[in-house]
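See structure below.
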Amino acid sequence: MSPFTGSAQSTEKWRHLRLATDDGVATVTLARPEKLNALTFGAYADLRDLLAELSRERSVRALVLGGEGRGFCSGGDVDEIIGATLSMDAARLLDFNRMTGQVVRAVRECPFPVVAAVHGVAAGAGAVLALAADFRVADPSARFAFLFTKVGLSGGDMGAAYLLPRVVGLGHATRLLMLGEPVDAAEAERIGLISELTPDSQAPARAAALARRLAEGPALAHAQTKALLTAELDMPLAAAVELDASTQALLMKGEDYAEFHAAFTAKRAPEWRGR
């Protein structure tokens with residue numbers, strides 16, 4: 001995303017989530033614990049806009065996404081979203097569904113790694129948010145459920161039919177998206193849906209530690225690695241290796257590449273600057 005801005009100023013307070021930043025690590029918390037952090041129209045919009053702002057500002061080098069209370073996110077709010085969509089016309093419905101997809105694109109396209117800290121339920125849109133993250137750190141209470149067919153809709157919502165087969169394979173993705181059955185943490189680890197299974201109640205701390213490790217590393221190299229992982233999913237090999245070559249040539253002119261050589265020569269740890 002471009003760092004250039006127009007007249008709009010950065011948002012000082014977000015209504016539908018909590019944001020905390022600490023030396024390059026942003027922590028975004030879905031904060032409707034009484035509703036298992038169910039998403040509203042405003043929550044979707046805030047997530048979309050927050051990720052765009054953080055991407056432009058370039059001060060964040062890693063982000064943790066978590067949920068307050070007993071679970072990560074139970075998906076879209078049944079009362080506030082499903083009830084409202086029943087009275088919308090086709091144009092308004094298209095606007096809404098495009099917005100939810102824009103949230104997933106923002107997670108995938110932001111220039112910093114996103115770590116989802118999952119405990120309890122991650123259902124529907126919550127499961128897709130976790131899926132879109134670069135890392136999913138989960139404790140034994142985590143349960144993933146792609147529930148879209150359970151409400152009479154396509155399992156391919158918010159990019160799930162694109163992302164899930166690439167994470168767990170077509171067979172597992174078909175089962176999860178078609179049947180909408182919940183997957184516990186042990187099964188999620190077995191099929192590759194989570195990156196790390198933690199001890200009880202340790203997902204937030206382990207996710208924060210991973211984000212800190214990422215933030216202290218070569219941020220530009222991480223950003224380009226993420227961009228290539230996303231861009232090359234649909235590329236033929238010849239195009240992918242050409243994009244790799246162009247990216248490496250640019251990074252070889254960067255400060256971090258020179259800093260690695262200087263640190264190696266001086267037998268010290270590199271001081272990464274993300275440039």
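Residue numbering restarts at 1 in every chain; chains get A, B, ... in the order shown in the structure tokens, and ligands count up from 1 in that same order.
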Handout entry: Residues within 9 Å of segment 267-274 of chain A, only C-alpha atoms, excluding chain neighbours under 2 positions, as a list of chain:residue names
Key = A:Arg61, A:Glu216, A:Gly217, A:Pro218, A:Ala219, A:Leu220, A:Ala221, A:His222, A:Gly254, A:Glu255, A:Asp256, A:Glu259, A:Phe260, A:His261, A:Ala262, A:Ala263, A:Phe264, A:Thr265
Using N, CA and C atoms, can you write the selected residues to a file as an mmCIF file, in the first residue's frame?
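The result, written out as selection-v2.cif:
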```cif
data_model
loop_
_atom_site.group_PDB
_atom_site.id
_atom_site.type_symbol
_atom_site.label_atom_id
_atom_site.label_comp_id
_atom_site.auth_asym_id
_atom_site.auth_seq_id
_atom_site.Cartn_x
_atom_site.Cartn_y
_atom_site.Cartn_z
ATOM 1 N N ARG A 61 5.748 -2.841 12.402
ATOM 2 C CA ARG A 61 6.539 -3.889 11.762
ATOM 3 C C ARG A 61 5.958 -5.286 11.984
ATOM 4 N N GLU A 216 11.587 -7.100 15.348
ATOM 5 C CA GLU A 216 13.008 -6.833 15.549
ATOM 6 C C GLU A 216 13.869 -7.329 14.392
ATOM 7 N N GLY A 217 13.258 -7.962 13.424
ATOM 8 C CA GLY A 217 13.982 -8.475 12.271
ATOM 9 C C GLY A 217 13.998 -7.488 11.117
ATOM 10 N N PRO A 218 14.430 -7.924 9.940
ATOM 11 C CA PRO A 218 14.514 -7.052 8.763
ATOM 12 C C PRO A 218 13.132 -6.805 8.165
ATOM 13 N N ALA A 219 12.498 -5.702 8.530
ATOM 14 C CA ALA A 219 11.096 -5.459 8.200
ATOM 15 C C ALA A 219 10.839 -5.426 6.700
ATOM 16 N N LEU A 220 11.738 -4.831 5.937
ATOM 17 C CA LEU A 220 11.517 -4.759 4.499
ATOM 18 C C LEU A 220 11.594 -6.154 3.876
ATOM 19 N N ALA A 221 12.511 -6.973 4.350
ATOM 20 C CA ALA A 221 12.601 -8.352 3.852
ATOM 21 C C ALA A 221 11.336 -9.131 4.195
ATOM 22 N N HIS A 222 10.798 -8.916 5.401
ATOM 23 C CA HIS A 222 9.544 -9.580 5.770
ATOM 24 C C HIS A 222 8.395 -9.108 4.873
ATOM 25 N N GLY A 254 19.579 -2.357 -0.510
ATOM 26 C CA GLY A 254 19.067 -1.805 0.733
ATOM 27 C C GLY A 254 20.098 -1.772 1.843
ATOM 28 N N GLU A 255 19.768 -1.007 2.893
ATOM 29 C CA GLU A 255 20.664 -0.862 4.031
ATOM 30 C C GLU A 255 20.809 -2.160 4.823
ATOM 31 N N ASP A 256 19.732 -2.940 4.938
ATOM 32 C CA ASP A 256 19.803 -4.153 5.748
ATOM 33 C C ASP A 256 20.755 -5.188 5.160
ATOM 34 N N GLU A 259 24.105 -4.024 6.032
ATOM 35 C CA GLU A 259 24.284 -4.164 7.474
ATOM 36 C C GLU A 259 24.589 -5.608 7.855
ATOM 37 N N PHE A 260 23.935 -6.570 7.180
ATOM 38 C CA PHE A 260 24.263 -7.967 7.477
ATOM 39 C C PHE A 260 25.740 -8.234 7.219
ATOM 40 N N HIS A 261 26.258 -7.771 6.101
ATOM 41 C CA HIS A 261 27.666 -8.042 5.773
ATOM 42 C C HIS A 261 28.589 -7.375 6.782
ATOM 43 N N ALA A 262 28.245 -6.134 7.159
ATOM 44 C CA ALA A 262 29.078 -5.435 8.139
ATOM 45 C C ALA A 262 29.054 -6.150 9.484
ATOM 46 N N ALA A 263 27.870 -6.612 9.891
ATOM 47 C CA ALA A 263 27.754 -7.314 11.174
ATOM 48 C C ALA A 263 28.478 -8.650 11.131
ATOM 49 N N PHE A 264 28.351 -9.355 10.022
ATOM 50 C CA PHE A 264 29.029 -10.649 9.882
ATOM 51 C C PHE A 264 30.537 -10.470 9.963
ATOM 52 N N THR A 265 31.021 -9.446 9.279
ATOM 53 C CA THR A 265 32.464 -9.187 9.276
ATOM 54 C C THR A 265 32.965 -8.800 10.664
#
```
Handout entry: Distance query Phe112 of chain A at most 12 Å, only C-alpha atoms, self and fewer than 3 positions along chain excluded, as an MDAnalysis selection string
Key = chainID A and resid 1 24:26 51:52 54:64 106:109 115 133:135 211:212 214:227 274
Problem - Surrounding residues of Ser74 of chain A excluding itself and chain neighbours under 4 positions, 7 Å, only C-alpha atoms, as number ranges by chain - result: A: 36-38, 121-124, 126
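Comparing the minimum interatomic distances between Ala145 of chain A and each of A:Leu86, A:Trp14, A:Glu187, A:Tyr257, counting only C-alpha atoms, we find that A:Glu187 sits nearest.
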Practice task
Mind checking which residues fall within 12 Å of Ala173 of chain A, counting only C-alpha atoms, ignoring those fewer than 5 positions away in the same chain, and posting them as a PyMOL selection string?
Solution key: chain A and resi 131+145-146+155-156+160-168+178-181+183+188+191-193
Limited to N, CA, C and O atoms, could you put the picked residues into a file as a PDB file, in the first residue's frame?
```
ATOM      1  N   LEU A 131      -7.572 -17.158   9.262  1.00  0.00           N
ATOM      2  CA  LEU A 131      -7.001 -17.788   8.077  1.00  0.00           C
ATOM      3  C   LEU A 131      -6.160 -16.809   7.275  1.00  0.00           C
ATOM      4  O   LEU A 131      -5.102 -17.169   6.740  1.00  0.00           O
ATOM      5  N   ALA A 145     -14.479 -22.848  12.769  1.00  0.00           N
ATOM      6  CA  ALA A 145     -15.672 -23.331  12.063  1.00  0.00           C
ATOM      7  C   ALA A 145     -16.034 -22.343  10.965  1.00  0.00           C
ATOM      8  O   ALA A 145     -16.285 -21.162  11.246  1.00  0.00           O
ATOM      9  N   PHE A 146     -16.028 -22.825   9.735  1.00  0.00           N
ATOM     10  CA  PHE A 146     -16.406 -22.005   8.585  1.00  0.00           C
ATOM     11  C   PHE A 146     -17.891 -22.263   8.332  1.00  0.00           C
ATOM     12  O   PHE A 146     -18.261 -23.173   7.585  1.00  0.00           O
ATOM     13  N   GLY A 155     -19.833 -21.496   1.074  1.00  0.00           N
ATOM     14  CA  GLY A 155     -18.657 -21.599   1.935  1.00  0.00           C
ATOM     15  C   GLY A 155     -17.514 -20.731   1.465  1.00  0.00           C
ATOM     16  O   GLY A 155     -16.586 -20.453   2.236  1.00  0.00           O
ATOM     17  N   GLY A 156     -17.565 -20.281   0.219  1.00  0.00           N
ATOM     18  CA  GLY A 156     -16.504 -19.438  -0.322  1.00  0.00           C
ATOM     19  C   GLY A 156     -16.755 -17.979  -0.023  1.00  0.00           C
ATOM     20  O   GLY A 156     -16.984 -17.178  -0.937  1.00  0.00           O
ATOM     21  N   ALA A 160     -12.421 -17.281   1.443  1.00  0.00           N
ATOM     22  CA  ALA A 160     -12.103 -18.552   2.099  1.00  0.00           C
ATOM     23  C   ALA A 160     -11.813 -19.656   1.098  1.00  0.00           C
ATOM     24  O   ALA A 160     -10.922 -20.485   1.315  1.00  0.00           O
ATOM     25  N   ALA A 161     -12.552 -19.696  -0.015  1.00  0.00           N
ATOM     26  CA  ALA A 161     -12.333 -20.752  -1.003  1.00  0.00           C
ATOM     27  C   ALA A 161     -11.018 -20.566  -1.756  1.00  0.00           C
ATOM     28  O   ALA A 161     -10.525 -21.509  -2.379  1.00  0.00           O
ATOM     29  N   TYR A 162     -10.461 -19.385  -1.704  1.00  0.00           N
ATOM     30  CA  TYR A 162      -9.139 -19.131  -2.280  1.00  0.00           C
ATOM     31  C   TYR A 162      -8.037 -19.482  -1.282  1.00  0.00           C
ATOM     32  O   TYR A 162      -7.075 -20.184  -1.605  1.00  0.00           O
ATOM     33  N   LEU A 163      -8.168 -19.009  -0.055  1.00  0.00           N
ATOM     34  CA  LEU A 163      -7.095 -19.146   0.924  1.00  0.00           C
ATOM     35  C   LEU A 163      -7.010 -20.533   1.542  1.00  0.00           C
ATOM     36  O   LEU A 163      -5.917 -21.084   1.703  1.00  0.00           O
ATOM     37  N   LEU A 164      -8.154 -21.103   1.940  1.00  0.00           N
ATOM     38  CA  LEU A 164      -8.114 -22.336   2.721  1.00  0.00           C
ATOM     39  C   LEU A 164      -7.472 -23.508   1.979  1.00  0.00           C
ATOM     40  O   LEU A 164      -6.656 -24.231   2.577  1.00  0.00           O
ATOM     41  N   PRO A 165      -7.777 -23.749   0.691  1.00  0.00           N
ATOM     42  CA  PRO A 165      -7.084 -24.855   0.008  1.00  0.00           C
ATOM     43  C   PRO A 165      -5.576 -24.665  -0.058  1.00  0.00           C
ATOM     44  O   PRO A 165      -4.817 -25.634  -0.072  1.00  0.00           O
ATOM     45  N   ARG A 166      -5.125 -23.432  -0.067  1.00  0.00           N
ATOM     46  CA  ARG A 166      -3.697 -23.161  -0.144  1.00  0.00           C
ATOM     47  C   ARG A 166      -3.013 -23.356   1.203  1.00  0.00           C
ATOM     48  O   ARG A 166      -1.790 -23.459   1.264  1.00  0.00           O
ATOM     49  N   VAL A 167      -3.791 -23.380   2.284  1.00  0.00           N
ATOM     50  CA  VAL A 167      -3.237 -23.598   3.614  1.00  0.00           C
ATOM     51  C   VAL A 167      -3.332 -25.070   4.017  1.00  0.00           C
ATOM     52  O   VAL A 167      -2.362 -25.645   4.526  1.00  0.00           O
ATOM     53  N   VAL A 168      -4.482 -25.703   3.776  1.00  0.00           N
ATOM     54  CA  VAL A 168      -4.698 -27.073   4.267  1.00  0.00           C
ATOM     55  C   VAL A 168      -4.890 -28.088   3.153  1.00  0.00           C
ATOM     56  O   VAL A 168      -5.020 -29.285   3.432  1.00  0.00           O
ATOM     57  N   MET A 178     -17.653 -27.026   3.013  1.00  0.00           N
ATOM     58  CA  MET A 178     -18.929 -27.611   2.608  1.00  0.00           C
ATOM     59  C   MET A 178     -19.781 -27.988   3.813  1.00  0.00           C
ATOM     60  O   MET A 178     -20.977 -27.693   3.866  1.00  0.00           O
ATOM     61  N   LEU A 179     -19.184 -28.628   4.805  1.00  0.00           N
ATOM     62  CA  LEU A 179     -19.940 -29.140   5.944  1.00  0.00           C
ATOM     63  C   LEU A 179     -20.057 -28.133   7.075  1.00  0.00           C
ATOM     64  O   LEU A 179     -20.976 -28.228   7.898  1.00  0.00           O
ATOM     65  N   GLY A 180     -19.124 -27.210   7.174  1.00  0.00           N
ATOM     66  CA  GLY A 180     -19.178 -26.222   8.242  1.00  0.00           C
ATOM     67  C   GLY A 180     -18.968 -26.782   9.630  1.00  0.00           C
ATOM     68  O   GLY A 180     -19.346 -26.163  10.620  1.00  0.00           O
ATOM     69  N   GLU A 181     -18.349 -27.953   9.717  1.00  0.00           N
ATOM     70  CA  GLU A 181     -18.165 -28.588  11.022  1.00  0.00           C
ATOM     71  C   GLU A 181     -16.985 -27.955  11.766  1.00  0.00           C
ATOM     72  O   GLU A 181     -15.982 -27.589  11.164  1.00  0.00           O
ATOM     73  N   VAL A 183     -13.600 -27.541  13.953  1.00  0.00           N
ATOM     74  CA  VAL A 183     -12.315 -28.235  14.021  1.00  0.00           C
ATOM     75  C   VAL A 183     -11.626 -27.800  15.299  1.00  0.00           C
ATOM     76  O   VAL A 183     -11.420 -26.602  15.517  1.00  0.00           O
ATOM     77  N   ALA A 188      -6.785 -28.929  13.955  1.00  0.00           N
ATOM     78  CA  ALA A 188      -6.285 -27.795  13.193  1.00  0.00           C
ATOM     79  C   ALA A 188      -4.770 -27.855  13.045  1.00  0.00           C
ATOM     80  O   ALA A 188      -4.219 -27.543  11.985  1.00  0.00           O
ATOM     81  N   ILE A 191      -3.804 -30.658  10.389  1.00  0.00           N
ATOM     82  CA  ILE A 191      -4.001 -30.357   8.978  1.00  0.00           C
ATOM     83  C   ILE A 191      -3.274 -29.090   8.530  1.00  0.00           C
ATOM     84  O   ILE A 191      -3.367 -28.696   7.366  1.00  0.00           O
ATOM     85  N   GLY A 192      -2.565 -28.458   9.435  1.00  0.00           N
ATOM     86  CA  GLY A 192      -1.770 -27.290   9.074  1.00  0.00           C
ATOM     87  C   GLY A 192      -2.504 -25.966   9.130  1.00  0.00           C
ATOM     88  O   GLY A 192      -2.012 -24.964   8.611  1.00  0.00           O
ATOM     89  N   LEU A 193      -3.670 -25.939   9.787  1.00  0.00           N
ATOM     90  CA  LEU A 193      -4.428 -24.702   9.860  1.00  0.00           C
ATOM     91  C   LEU A 193      -3.816 -23.727  10.855  1.00  0.00           C
ATOM     92  O   LEU A 193      -3.987 -22.516  10.725  1.00  0.00           O
TER      93      LEU A 193
END
```
Exercise for the section: Do a neighbour search on Leu47 of chain A at 10 Å with only C-alpha atoms, toss out local chain neighbours closer than 6 positions, and write the hits as a VMD selection string. Expected result: chain A and resid 14 16 to 17 28 30 53 100 102 to 104 106 to 107
Handout entry: Selected residue of minimal separation from Gly101 of chain A among A:Gly159, A:Phe72, A:Val118, A:Thr149, counting only C-alpha atoms
Key = A:Gly159
Exercise for the section: Quick one: pull the distance between atom CA of Gly42 of chain A and atom CA of Leu65 of chain A, Å, one decimal. Expected result: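 Atom CA of Leu65 of chain A lies at a distance of 16.9 Å from atom CA of Gly42 of chain A.
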Exercise for the section: Return the single residue from A:Thr174, A:Thr40, A:Thr29, A:Gln248 that is closest to Gly75 of chain A, with distances computed using only C-alpha atoms. Expected result: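 Checking each candidate against Gly75 of chain A, we get A:Thr40 as the closest.
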